[in-house]
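The file start32.tsv comes next; it holds TSV, C-alpha atoms and all ligand atoms.
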```tsv
chain	number	residue	atom	x	y	z
E	126	MET	CA	34.70	25.38	-8.56
E	127	PHE	CA	36.65	25.39	-11.82
E	128	GLY	CA	33.56	24.38	-13.85
E	129	ASN	CA	34.28	26.96	-16.51
E	130	LEU	CA	38.01	26.33	-16.59
E	131	LYS	CA	37.46	22.60	-16.89
E	132	LYS	CA	35.10	23.05	-19.82
E	133	LYS	CA	37.58	25.33	-21.57
E	134	LEU	CA	40.47	22.99	-20.97
E	135	LYS	CA	38.52	20.02	-22.24
E	136	GLY	CA	37.85	21.89	-25.48
E	137	PHE	CA	41.52	22.79	-25.61
E	138	PHE	CA	42.70	19.20	-25.09
E	139	ASP	CA	40.36	17.88	-27.81
E	140	LYS	CA	41.51	20.48	-30.28
E	141	ALA	CA	45.16	20.21	-29.32
E	142	GLY	CA	45.04	16.44	-29.70
E	143	LYS	CA	43.84	16.84	-33.28
E	144	GLU	CA	46.14	19.69	-34.25
E	145	ALA	CA	49.34	18.50	-32.67
E	146	GLU	CA	51.74	17.31	-35.32
E	147	THR	CA	54.17	14.72	-34.16
E	148	GLU	CA	57.56	14.31	-35.74
E	149	GLU	CA	59.98	11.46	-35.61
E	150	VAL	CA	63.66	12.02	-35.18
E	151	GLU	CA	66.20	9.30	-35.84
E	152	GLU	CA	69.19	9.46	-33.62
E	153	GLU	CA	72.29	7.38	-33.08
E	154	VAL	CA	73.10	6.77	-29.47
E	155	LEU	CA	76.05	5.02	-27.89
E	156	VAL	CA	74.99	2.01	-25.86
E	157	GLU	CA	77.04	-0.52	-23.93
E	158	GLU	CA	76.43	-4.12	-24.85
E	159	GLU	CA	77.71	-7.31	-23.25
E	160	ILE	CA	79.59	-9.67	-25.52
E	161	GLU	CA	78.82	-13.37	-25.04
E	162	GLU	CA	81.49	-16.02	-25.49
E	163	ILE	CA	80.37	-17.68	-28.73
E	164	LYS	CA	83.46	-19.66	-29.83
E	165	GLU	CA	82.32	-23.13	-28.71
E	166	ASP	CA	78.77	-22.66	-30.03
E	167	THR	CA	79.99	-22.12	-33.59
E	168	LYS	CA	82.11	-25.24	-33.45
E	169	LYS	CA	79.15	-27.29	-32.40
E	170	LYS	CA	76.72	-26.12	-35.03
E	171	PRO	CA	77.57	-28.54	-37.93
E	172	LYS	CA	76.99	-31.46	-35.53
E	173	GLU	CA	73.32	-30.55	-35.21
E	174	LYS	CA	72.69	-31.39	-38.82
E	175	LYS	CA	73.59	-35.05	-38.30
E	176	LYS	CA	70.98	-37.46	-37.13
E	177	LYS	CA	71.56	-37.96	-33.45
E	178	SER	CA	71.25	-41.14	-31.43
E	179	LYS	CA	69.50	-40.82	-28.06
E	180	LYS	CA	72.85	-41.25	-26.32
E	181	ASP	CA	74.48	-38.57	-28.50
E	182	ALA	CA	71.67	-36.18	-27.70
E	183	GLU	CA	71.94	-36.79	-23.96
E	184	GLU	CA	75.70	-36.24	-24.06
E	185	GLU	CA	75.17	-33.12	-26.06
E	186	VAL	CA	72.76	-31.69	-23.49
E	187	GLU	CA	75.25	-32.46	-20.75
E	188	GLU	CA	78.03	-30.83	-22.79
E	189	GLU	CA	75.90	-27.70	-23.38
E	190	LYS	CA	75.18	-27.43	-19.71
E	191	LYS	CA	78.88	-27.49	-18.88
E	192	THR	CA	79.56	-24.82	-21.47
E	193	GLU	CA	76.75	-22.66	-19.99
E	194	ASP	CA	78.21	-23.06	-16.52
E	195	SER	CA	81.70	-22.14	-17.58
E	196	LYS	CA	80.29	-19.12	-19.45
E	197	ALA	CA	78.57	-17.89	-16.30
E	198	GLU	CA	81.83	-17.97	-14.42
E	199	LYS	CA	83.72	-16.03	-17.08
E	200	PRO	CA	83.85	-12.23	-16.64
E	201	ARG	CA	81.53	-10.69	-19.24
E	202	LYS	CA	83.08	-8.42	-21.80
E	203	LYS	CA	81.45	-5.16	-22.77
E	204	ARG	CA	81.67	-3.02	-25.87
E	205	SER	CA	80.15	0.28	-26.94
E	206	ILE	CA	78.11	0.29	-30.10
E	207	LEU	CA	76.08	2.89	-31.99
E	208	LYS	CA	72.39	2.12	-32.10
E	209	LYS	CA	69.70	3.86	-34.14
E	210	ILE	CA	66.63	4.92	-32.20
E	211	THR	CA	63.52	6.82	-33.23
E	212	ARG	CA	62.11	9.48	-30.94
E	213	ARG	CA	58.62	10.90	-31.42
E	214	HIS	CA	57.54	14.24	-30.06
E	215	ILE	CA	55.13	17.07	-30.79
E	216	SER	CA	56.66	19.52	-33.25
E	217	GLU	CA	57.59	22.93	-31.86
E	218	LYS	CA	55.76	24.62	-34.73
E	219	SER	CA	52.43	23.03	-33.97
E	220	LEU	CA	52.98	23.56	-30.22
E	221	ASP	CA	53.15	27.32	-30.61
E	222	SER	CA	49.66	27.61	-32.05
E	223	ILE	CA	48.25	25.01	-29.64
E	224	LEU	CA	49.67	26.74	-26.60
E	225	TRP	CA	48.26	30.04	-27.68
E	226	GLU	CA	44.83	28.46	-27.16
E	227	LEU	CA	45.90	27.31	-23.72
E	228	GLU	CA	47.01	30.82	-22.83
E	229	LEU	CA	43.60	32.12	-23.86
E	230	ALA	CA	41.75	29.47	-21.83
E	231	LEU	CA	43.73	30.38	-18.72
E	232	LEU	CA	43.37	34.14	-19.17
E	233	GLU	CA	39.63	33.84	-19.78
E	234	ASN	CA	39.41	32.08	-16.44
E	235	ASP	CA	41.15	34.87	-14.59
E	236	VAL	CA	44.54	33.29	-14.17
E	237	ALA	CA	46.97	36.20	-13.83
E	238	LYS	CA	48.99	37.05	-16.92
E	239	GLU	CA	52.40	36.31	-15.43
E	240	VAL	CA	51.15	32.97	-14.10
E	241	THR	CA	49.51	32.10	-17.43
E	242	GLU	CA	52.79	32.77	-19.22
E	243	ARG	CA	54.72	30.69	-16.76
E	244	ILE	CA	52.34	27.74	-17.04
E	245	THR	CA	52.34	27.89	-20.84
E	246	GLU	CA	56.15	28.11	-21.06
E	247	ASP	CA	56.58	25.29	-18.59
E	248	THR	CA	54.11	23.10	-20.50
E	249	LYS	CA	55.97	23.79	-23.74
E	250	GLU	CA	59.36	22.97	-22.24
E	251	ARG	CA	58.06	19.73	-20.81
E	252	LEU	CA	56.59	18.70	-24.16
E	253	LEU	CA	59.76	19.52	-26.07
E	254	GLU	CA	61.98	17.75	-23.57
E	255	THR	CA	59.98	14.57	-23.29
E	256	ASP	CA	59.32	12.09	-26.06
E	257	LEU	CA	55.92	10.59	-26.55
E	258	LYS	CA	55.82	7.16	-25.02
E	259	LYS	CA	54.87	4.18	-27.15
E	260	GLY	CA	51.18	4.45	-27.99
E	261	GLU	CA	50.80	7.76	-26.14
E	262	THR	CA	48.53	10.25	-27.88
E	263	ALA	CA	49.47	13.92	-28.22
E	264	GLU	CA	46.37	14.82	-26.23
E	265	LYS	CA	47.46	12.67	-23.32
E	266	ALA	CA	50.98	14.08	-23.38
E	267	ILE	CA	49.68	17.67	-23.41
E	268	THR	CA	47.35	16.93	-20.50
E	269	SER	CA	50.14	15.47	-18.36
E	270	ALA	CA	52.52	18.30	-19.21
E	271	LEU	CA	49.94	20.93	-18.25
E	272	LYS	CA	49.10	19.08	-15.07
E	273	ALA	CA	52.77	19.00	-14.06
E	274	ALA	CA	53.17	22.68	-14.94
E	275	ILE	CA	50.21	23.67	-12.76
E	276	GLU	CA	51.45	21.50	-9.90
E	277	ASN	CA	54.79	23.23	-10.20
E	278	THR	CA	53.24	26.71	-9.96
E	279	LEU	CA	51.39	25.76	-6.80
E	280	GLU	CA	54.48	24.49	-5.03
E	281	VAL	CA	55.34	27.13	-2.44
E	282	GLY	CA	55.57	25.13	0.79
E	283	ASP	CA	52.75	24.99	3.29
E	284	LEU	CA	51.86	26.43	6.64
E	285	ASP	CA	50.30	24.34	9.37
E	286	ILE	CA	48.64	26.98	11.53
E	287	ILE	CA	47.45	24.48	14.13
E	288	GLU	CA	51.01	23.28	14.66
E	289	LYS	CA	52.27	26.84	14.78
E	290	ILE	CA	49.66	27.77	17.40
E	291	ARG	CA	50.53	24.72	19.52
E	292	GLU	CA	54.24	25.46	19.32
E	293	LYS	CA	53.92	29.07	20.45
E	294	GLU	CA	55.11	29.66	23.99
E	295	GLY	CA	54.84	32.64	26.29
E	296	GLY	CA	51.60	34.21	25.08
E	297	PRO	CA	48.82	33.96	22.53
E	298	THR	CA	49.28	33.49	18.79
E	299	LEU	CA	48.14	36.63	17.00
E	300	ILE	CA	46.53	35.96	13.62
E	301	LEU	CA	45.84	39.11	11.63
E	302	PHE	CA	43.36	39.13	8.73
E	303	VAL	CA	44.03	41.66	5.98
E	304	GLY	CA	42.59	42.37	2.55
E	305	PHE	CA	40.38	44.40	0.26
E	306	ASN	CA	36.91	45.71	1.21
E	307	GLY	CA	34.26	43.03	1.45
E	308	SER	CA	36.61	40.14	0.71
E	309	GLY	CA	35.29	38.14	3.66
E	310	LYS	CA	37.77	38.90	6.49
E	311	THR	CA	35.19	39.24	9.28
E	312	MET	CA	33.22	36.17	8.20
E	313	THR	CA	36.46	34.18	7.94
E	314	ILE	CA	37.34	35.16	11.52
E	315	GLY	CA	34.04	33.56	12.60
E	316	LYS	CA	34.91	30.40	10.65
E	317	PHE	CA	38.43	30.29	12.11
E	318	ALA	CA	37.02	30.69	15.62
E	319	GLN	CA	34.88	27.63	15.04
E	320	VAL	CA	37.68	25.54	13.46
E	321	LEU	CA	40.07	26.35	16.32
E	322	GLN	CA	37.54	25.84	19.08
E	323	ASN	CA	36.69	22.45	17.61
E	324	LYS	CA	40.35	21.54	18.06
E	325	GLY	CA	40.30	22.62	21.69
E	326	ILE	CA	42.12	25.90	21.03
E	327	SER	CA	40.68	28.94	22.83
E	328	VAL	CA	40.20	32.16	20.86
E	329	LEU	CA	39.49	35.85	21.34
E	330	MET	CA	38.37	38.32	18.69
E	331	ALA	CA	39.91	41.78	18.33
E	332	ALA	CA	37.75	44.43	16.64
E	333	GLY	CA	40.56	46.04	14.70
E	334	ASP	CA	38.29	47.49	12.00
E	335	THR	CA	37.68	50.83	13.66
E	336	PHE	CA	37.14	52.51	10.30
E	337	ARG	CA	33.93	51.20	8.72
E	338	ALA	CA	30.57	51.96	10.32
E	339	ALA	CA	29.03	48.87	11.93
E	340	ALA	CA	32.23	46.80	11.53
E	341	ILE	CA	32.61	46.46	15.31
E	342	GLU	CA	28.96	45.45	15.72
E	343	GLN	CA	29.35	42.90	12.92
E	344	LEU	CA	32.26	41.18	14.67
E	345	ASP	CA	30.32	41.38	17.92
E	346	VAL	CA	27.47	39.38	16.36
E	347	HIS	CA	29.92	36.60	15.41
E	348	ALA	CA	31.52	36.67	18.88
E	349	LYS	CA	28.13	36.28	20.56
E	350	ALA	CA	26.96	33.54	18.20
E	351	LEU	CA	30.15	31.56	18.79
E	352	LYS	CA	30.45	32.44	22.47
E	353	VAL	CA	33.89	33.91	22.01
E	354	PRO	CA	35.26	36.86	24.02
E	355	ILE	CA	35.88	40.09	22.10
E	356	VAL	CA	38.03	43.15	22.76
E	357	LYS	CA	36.69	46.34	21.15
E	358	GLN	CA	36.87	50.10	21.44
E	359	GLN	CA	35.04	53.07	19.94
E	360	ARG	CA	34.82	53.51	16.19
E	361	GLY	CA	37.69	55.72	15.06
E	362	SER	CA	40.09	54.56	17.76
E	363	ASP	CA	43.60	53.36	16.97
E	364	ALA	CA	43.44	49.86	15.41
E	365	ALA	CA	46.98	49.03	16.54
E	366	ALA	CA	46.01	49.82	20.16
E	367	VAL	CA	42.83	47.71	19.99
E	368	ILE	CA	44.79	44.68	18.87
E	369	TYR	CA	47.54	45.35	21.42
E	370	ASP	CA	44.92	45.40	24.20
E	371	ALA	CA	43.40	42.20	22.88
E	372	VAL	CA	46.76	40.42	23.00
E	373	GLU	CA	47.38	41.65	26.57
E	374	HIS	CA	43.92	40.49	27.57
E	375	ALA	CA	44.45	37.04	26.01
E	376	LYS	CA	47.81	36.78	27.77
E	377	ALA	CA	46.23	37.57	31.13
E	378	LYS	CA	43.41	35.09	30.60
E	379	GLY	CA	45.56	32.31	29.11
E	380	ILE	CA	43.71	32.39	25.76
E	381	ASP	CA	45.58	30.63	22.93
E	382	VAL	CA	44.75	32.73	19.88
E	383	VAL	CA	43.79	36.32	19.07
E	384	LEU	CA	41.93	36.73	15.77
E	385	GLY	CA	42.55	40.31	14.67
E	386	ASP	CA	40.05	41.92	12.30
E	387	THR	CA	41.20	44.88	10.21
E	388	ALA	CA	39.41	47.35	7.96
E	389	GLY	CA	39.12	46.49	4.29
E	390	ARG	CA	41.41	48.59	2.14
E	391	SER	CA	42.84	48.98	-1.30
E	392	HIS	CA	46.59	48.71	-1.52
E	393	ALA	CA	46.40	52.02	-3.42
E	394	ASP	CA	45.01	53.81	-0.34
E	395	LEU	CA	48.24	55.00	1.18
E	396	ASN	CA	46.76	56.30	4.45
E	397	LEU	CA	45.01	53.05	5.22
E	398	MET	CA	48.06	51.04	4.19
E	399	ASP	CA	50.14	53.14	6.61
E	400	GLU	CA	47.64	52.35	9.34
E	401	LEU	CA	47.98	48.63	8.57
E	402	LYS	CA	51.76	48.88	8.63
E	403	LYS	CA	51.47	50.41	12.09
E	404	VAL	CA	49.19	47.57	13.28
E	405	VAL	CA	51.84	45.11	12.11
E	406	ARG	CA	54.79	47.08	13.52
E	407	VAL	CA	53.20	47.46	16.96
E	408	ASN	CA	51.82	43.95	17.29
E	409	ASN	CA	54.16	41.82	15.22
E	410	PRO	CA	51.56	39.17	14.30
E	411	ASP	CA	52.58	35.52	14.34
E	412	ILE	CA	50.53	34.84	11.22
E	413	THR	CA	49.22	37.40	8.75
E	414	ILE	CA	46.54	36.07	6.44
E	415	PHE	CA	45.47	37.72	3.23
E	416	VAL	CA	41.77	37.14	2.67
E	417	GLY	CA	40.86	37.37	-1.01
E	418	ASP	CA	37.54	37.15	-2.80
E	419	SER	CA	38.03	34.43	-5.40
E	420	LEU	CA	35.32	35.99	-7.58
E	421	THR	CA	37.58	38.97	-8.23
E	422	GLY	CA	40.00	36.59	-9.94
E	423	ASN	CA	43.07	38.26	-11.20
E	424	ASP	CA	42.49	41.30	-8.97
E	425	ALA	CA	42.64	39.12	-5.86
E	426	ALA	CA	46.03	37.84	-6.95
E	427	GLU	CA	47.31	41.37	-7.64
E	428	GLN	CA	46.00	42.58	-4.27
E	429	ALA	CA	47.64	39.67	-2.47
E	430	LYS	CA	50.93	40.55	-4.10
E	431	SER	CA	50.64	44.21	-3.02
E	432	PHE	CA	49.66	43.34	0.56
E	433	ASN	CA	52.55	40.92	0.71
E	434	GLU	CA	54.93	43.64	-0.43
E	435	ALA	CA	53.48	46.18	2.03
E	436	VAL	CA	53.13	44.17	5.23
E	437	GLY	CA	54.29	40.63	4.46
E	438	ILE	CA	51.72	37.85	4.48
E	439	ASP	CA	52.18	34.23	5.57
E	440	ALA	CA	49.27	32.63	3.75
E	441	SER	CA	46.03	33.32	1.90
E	442	VAL	CA	42.44	32.33	2.38
E	443	LEU	CA	40.21	32.52	-0.68
E	444	THR	CA	36.55	33.12	0.01
E	445	LYS	CA	33.40	32.62	-2.06
E	446	ALA	CA	34.85	29.53	-3.71
E	447	ASP	CA	31.26	28.26	-3.68
E	448	CYS	CA	30.35	30.85	-6.33
E	449	ASP	CA	33.54	30.79	-8.36
E	450	VAL	CA	33.45	28.80	-11.60
E	451	LYS	CA	36.75	30.05	-12.94
E	452	GLY	CA	39.28	29.37	-10.21
E	453	GLY	CA	41.91	31.73	-11.65
E	454	ALA	CA	42.72	33.38	-8.31
E	455	CYS	CA	43.24	29.98	-6.80
E	456	ILE	CA	45.81	29.08	-9.43
E	457	SER	CA	47.60	32.44	-9.40
E	458	ILE	CA	47.73	33.63	-5.83
E	459	SER	CA	50.27	31.29	-4.29
E	460	HIS	CA	52.69	31.74	-7.15
E	461	MET	CA	52.37	35.54	-7.03
E	462	THR	CA	52.93	35.76	-3.28
E	463	GLU	CA	55.06	32.63	-2.85
E	464	LYS	CA	52.82	31.89	0.11
E	465	PRO	CA	50.33	29.04	0.33
E	466	ILE	CA	46.55	29.15	0.24
E	467	ILE	CA	45.52	27.45	3.47
E	468	TYR	CA	41.72	27.51	3.41
E	469	LEU	CA	38.85	28.12	1.03
E	470	GLY	CA	35.66	29.83	2.14
E	471	THR	CA	32.76	27.88	0.68
E	472	GLY	CA	29.64	29.65	1.95
E	473	GLN	CA	28.17	31.96	4.53
E	474	GLY	CA	27.93	29.54	7.45
E	475	TYR	CA	30.63	29.08	10.09
E	476	GLU	CA	31.21	25.53	8.92
E	477	ASP	CA	31.70	26.61	5.30
E	478	ILE	CA	35.47	26.45	5.29
E	479	GLU	CA	37.71	23.81	3.78
E	480	GLU	CA	41.38	23.15	4.10
E	481	PHE	CA	43.11	23.77	0.82
E	482	ASN	CA	45.83	21.74	-0.75
E	483	PRO	CA	47.29	21.86	-4.25
E	484	ASP	CA	46.60	18.17	-4.96
E	485	TRP	CA	42.92	18.83	-4.45
E	486	LEU	CA	43.03	21.66	-7.00
E	487	VAL	CA	44.85	19.60	-9.61
E	488	GLU	CA	42.46	16.72	-9.09
E	489	LYS	CA	39.47	19.03	-9.47
E	490	VAL	CA	40.74	20.59	-12.68
E	491	PHE	CA	41.77	17.31	-14.29
E	492	GLU	CA	39.22	14.87	-12.86
C	1	LIG	N1	29.16	32.79	-0.66
C	1	LIG	C1	30.06	33.19	0.21
C	1	LIG	N2	29.97	34.38	0.80
C	1	LIG	C2	30.92	34.77	1.67
C	1	LIG	C3	32.02	33.94	1.97
C	1	LIG	N3	32.81	34.60	2.85
C	1	LIG	C4	32.21	35.78	3.09
C	1	LIG	N4	31.06	35.89	2.39
C	1	LIG	C5	30.13	37.01	2.35
C	1	LIG	O1	30.77	38.15	1.82
C	1	LIG	C6	30.27	39.34	2.39
C	1	LIG	C7	31.42	40.16	2.96
C	1	LIG	O2	31.97	39.46	4.05
C	1	LIG	P1	32.71	40.19	5.25
C	1	LIG	O3	33.20	39.15	6.15
C	1	LIG	O4	31.88	41.26	5.82
C	1	LIG	O5	33.91	40.85	4.45
C	1	LIG	P2	35.04	41.83	5.00
C	1	LIG	O6	36.26	41.55	4.26
C	1	LIG	O7	35.10	41.76	6.47
C	1	LIG	O8	34.44	43.24	4.55
C	1	LIG	P3	34.93	44.69	5.04
C	1	LIG	O9	35.03	44.64	6.52
C	1	LIG	O10	33.87	45.60	4.58
C	1	LIG	O11	36.21	44.96	4.37
C	1	LIG	C8	29.29	38.89	3.44
C	1	LIG	O12	28.00	38.97	2.93
C	1	LIG	C9	29.69	37.47	3.72
C	1	LIG	O13	28.63	36.69	4.21
C	1	LIG	C10	32.12	32.67	1.29
C	1	LIG	O14	33.05	31.88	1.46
C	1	LIG	N5	31.11	32.35	0.43
C	2	MG	MG	35.04	43.20	7.93
```
So that I can check it, write out the structure of this file as structure tokens.
Amino acid sequence: MFGNLKKKLKGFFDKAGKEAETEEVEEEVLVEEEIEEIKEDTKKKPKEKKKKSKKDAEEEVEEEKKTEDSKAEKPRKKRSILKKITRRHISEKSLDSILWELELALLENDVAKEVTERITEDTKERLLETDLKKGETAEKAITSALKAAIENTLEVGDLDIIEKIREKEGGPTLILFVGFNGSGKTMTIGKFAQVLQNKGISVLMAAGDTFRAAAIEQLDVHAKALKVPIVKQQRGSDAAAVIYDAVEHAKAKGIDVVLGDTAGRSHADLNLMDELKKVVRVNNPDITIFVGDSLTGNDAAEQAKSFNEAVGIDASVLTKADCDVKGGACISISHMTEKPIIYLGTGQGYEDIEEFNPDWLVEKVFE
């Protein structure tokens, strides 16, 4: 993941390092300085010029010691003085053209426009605010500023679903999977079933996609393969009712989690969005997860935003990370929804799922 983005950014850093013009600004700053007691020292100085006998020298050392001791006991005086310092930073003029290249690199890698702008602005502010450290190259400063800006965009708090499941009392935790057609919802339900079962959490699948032909059968295949119970009805039946039944069934059987599948839909399809709103209204899911196809890049981020506005999501899962060389959706989605990415889908097997955390992303991009 991020292969393409990394390559682009490397080119950008090289170029930026060469093109960045640094400027030095001299400034006077007020500093507090301690004033030493120097009276006795000046008196003693002419003595040093004379040739000293051994005894004289010994006495002198003794004398100096005493003076030192008495100095230490005296309260130190302070005074404010003006000091000249030189600050070095990248000039704003050269930054503007450099950051334009950064904007392009991010956009080419499917980072959403609003997120690209935010990252670029943040990088610029950081570079203008901070001076270059001694010996620090412009390239290094730009890299650290961008890294901090990306870290900042990814900071939206996290969601520990395992903890949330364990804390739930009085019935199963309902996790609802929503998203665009073919984004990987049903496959992700299979992966979640495996992750949760491995942690000793019992699960049940709810065939809430009553819209697409063969969707129920598809979930059934996963349920059988993973030996997980499933609640399903006829195609065309009410999705909200299927999920309601599944929750009741799980409650009766003491099952910990219901994994609710839903039909893929575009946020522009008002009828299907109304159906999803009804599923949410009737069943009040504990966790609603937006499943996005990372290959669709910017679109995945836009969809996540729309689903969040329509039904409210708690987190995202990005699938097909194994095929994504750009990583734009991964950078944009949490900022656009203000909800964390919790897992990445990394293949078509049940075990192909990885916990996501922002540090991992930053490390990957800047390694
Ligand atoms: N490479 C790869 N393929 C994936 C991943 N997740 C899902 N897929 C594949 O993507 C395709 C669509 O997955 P589904 O789980 O059917 O997607 P969906 O969102 O349920 O689709 P609809 O029900 O039609 O909306 C399938 O061929 C999956 O095997 C992933 O992480 N990596
Ligand atoms: Mg599906």
Taking only C-alpha atoms and all ligand atoms into account, produce a table as a Markdown table in which each residue of chain E with an atom at most 6 Å from an atom of ligand LIG 1 (chain C) appears once, together with its shortest atom pair and the distance in Å to one decimal, ordered by chain and rising number.
```
| residue | atom | partner | partner_atom | distance |
| --- | --- | --- | --- | --- |
| E:Phe305 | CA | C:LIG1 | O11 | 5.9 |
| E:Asn306 | CA | C:LIG1 | O11 | 3.3 |
| E:Gly307 | CA | C:LIG1 | O8 | 3.1 |
| E:Ser308 | CA | C:LIG1 | O6 | 3.8 |
| E:Gly309 | CA | C:LIG1 | O5 | 3.1 |
| E:Lys310 | CA | C:LIG1 | O6 | 3.8 |
| E:Thr311 | CA | C:LIG1 | O3 | 3.7 |
| E:Met312 | CA | C:LIG1 | O3 | 3.6 |
| E:Ala388 | CA | C:LIG1 | O9 | 5.3 |
| E:Gly389 | CA | C:LIG1 | O11 | 3.3 |
| E:Thr444 | CA | C:LIG1 | O14 | 4.0 |
| E:Lys445 | CA | C:LIG1 | N5 | 3.4 |
| E:Ala446 | CA | C:LIG1 | O14 | 6.0 |
| E:Asp447 | CA | C:LIG1 | N5 | 5.8 |
| E:Gly470 | CA | C:LIG1 | O14 | 3.4 |
| E:Thr471 | CA | C:LIG1 | O14 | 4.1 |
| E:Gly472 | CA | C:LIG1 | N5 | 3.4 |
| E:Gln473 | CA | C:LIG1 | O13 | 4.8 |
```
**Surroundings of ligand MG 2 (chain C) up to 12 Å, based on only C-alpha atoms and all ligand atoms, as a VMD selection string** = chain E and resid 302 to 315 331 to 347 385 to 390 416
**Request:** Might you pull out every residue within 7 Å of E:Glu480, with all atoms listed in the file counted and same-chain residues fewer than 5 positions away left off, and present them as a PyMOL selection string?
**Result:** chain E and resi 467-469
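In this structure, atom CA of E:Lys249 sits 20.9 Å away from atom CA of E:Thr211.
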**Request:** Provide the atom CA of E:Leu252 to atom CA of E:Asn277 distance in Å, to one decimal place.
**Result:** 14.8 Å
**Fill in**
Separating atom CA of E:Asn433 from atom CA of E:Leu299, to the nearest tenth of an Å, is a gap of 17.4 Å
**Request:** Write out as a list in words the residues lying within 12 Å of E:Asp411, counting all atoms listed in the file and excluding same-chain residues fewer than 5 positions away.
**Result:**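 Neighbouring residues, sequence-local ones excluded: Leu284, Ile286, Lys289, Ile290, Glu292, Lys293, Glu294, Gly296, Pro297, Thr298, Leu299, Ile300, Leu301, Phe302, Val372, Val382, Val383, Leu384, Gly385, Val405, Arg406, Gly437, Ile438, Asp439 and Ala440 of chain E.
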**Asked** For E:Lys203, which of E:Phe432, E:Asn408, E:Gln322, E:Glu157 is the closest residue, counting all atoms listed in the file?
**Response**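 Checking each candidate against E:Lys203, we get E:Glu157 as the closest.
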**Asked** In terms of the shortest atom-to-atom distance over all atoms listed in the file, which of E:Ile466, E:Ser391, E:Asp449, E:Asp247 is closest to E:Glu479?
**Response**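 Among E:Ile466, E:Ser391, E:Asp449, E:Asp247, it is E:Ile466 that comes nearest to E:Glu479.
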Need the shell around E:Glu228: protein/DNA/RNA residues with any atom at most 8 Å away, counting only C-alpha atoms. Skip same-chain ones fewer than 2 positions apart. Format as a PDB file with C-alpha atoms, in the coordinates of the input?
```pdb
ATOM      1  CA  LEU E 224      49.670  26.740 -26.600  1.00  0.00           C
ATOM      2  CA  TRP E 225      48.260  30.040 -27.680  1.00  0.00           C
ATOM      3  CA  GLU E 226      44.830  28.460 -27.160  1.00  0.00           C
ATOM      4  CA  ALA E 230      41.750  29.470 -21.830  1.00  0.00           C
ATOM      5  CA  LEU E 231      43.730  30.380 -18.720  1.00  0.00           C
ATOM      6  CA  LEU E 232      43.370  34.140 -19.170  1.00  0.00           C
ATOM      7  CA  THR E 241      49.510  32.100 -17.430  1.00  0.00           C
ATOM      8  CA  GLU E 242      52.790  32.770 -19.220  1.00  0.00           C
ATOM      9  CA  THR E 245      52.340  27.890 -20.840  1.00  0.00           C
TER      10      THR E 245
END
```
**Request:** Fewer than 6 positions away in the same chain doesn't count, so skip those; otherwise give me all residues within 7 Å of stretch 268-270 of chain E, counting all atoms listed in the file, as a ChimeraX atom specification.
**Result:** /E:138,248,251-252
**Request:** Would you please work out which residue, of E:His214, E:Ala425, E:Cys448, E:Ile267, is nearest to E:Thr255 when using only C-alpha atoms?
**Result:**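 Smallest separation from E:Thr255 among the options: E:His214.
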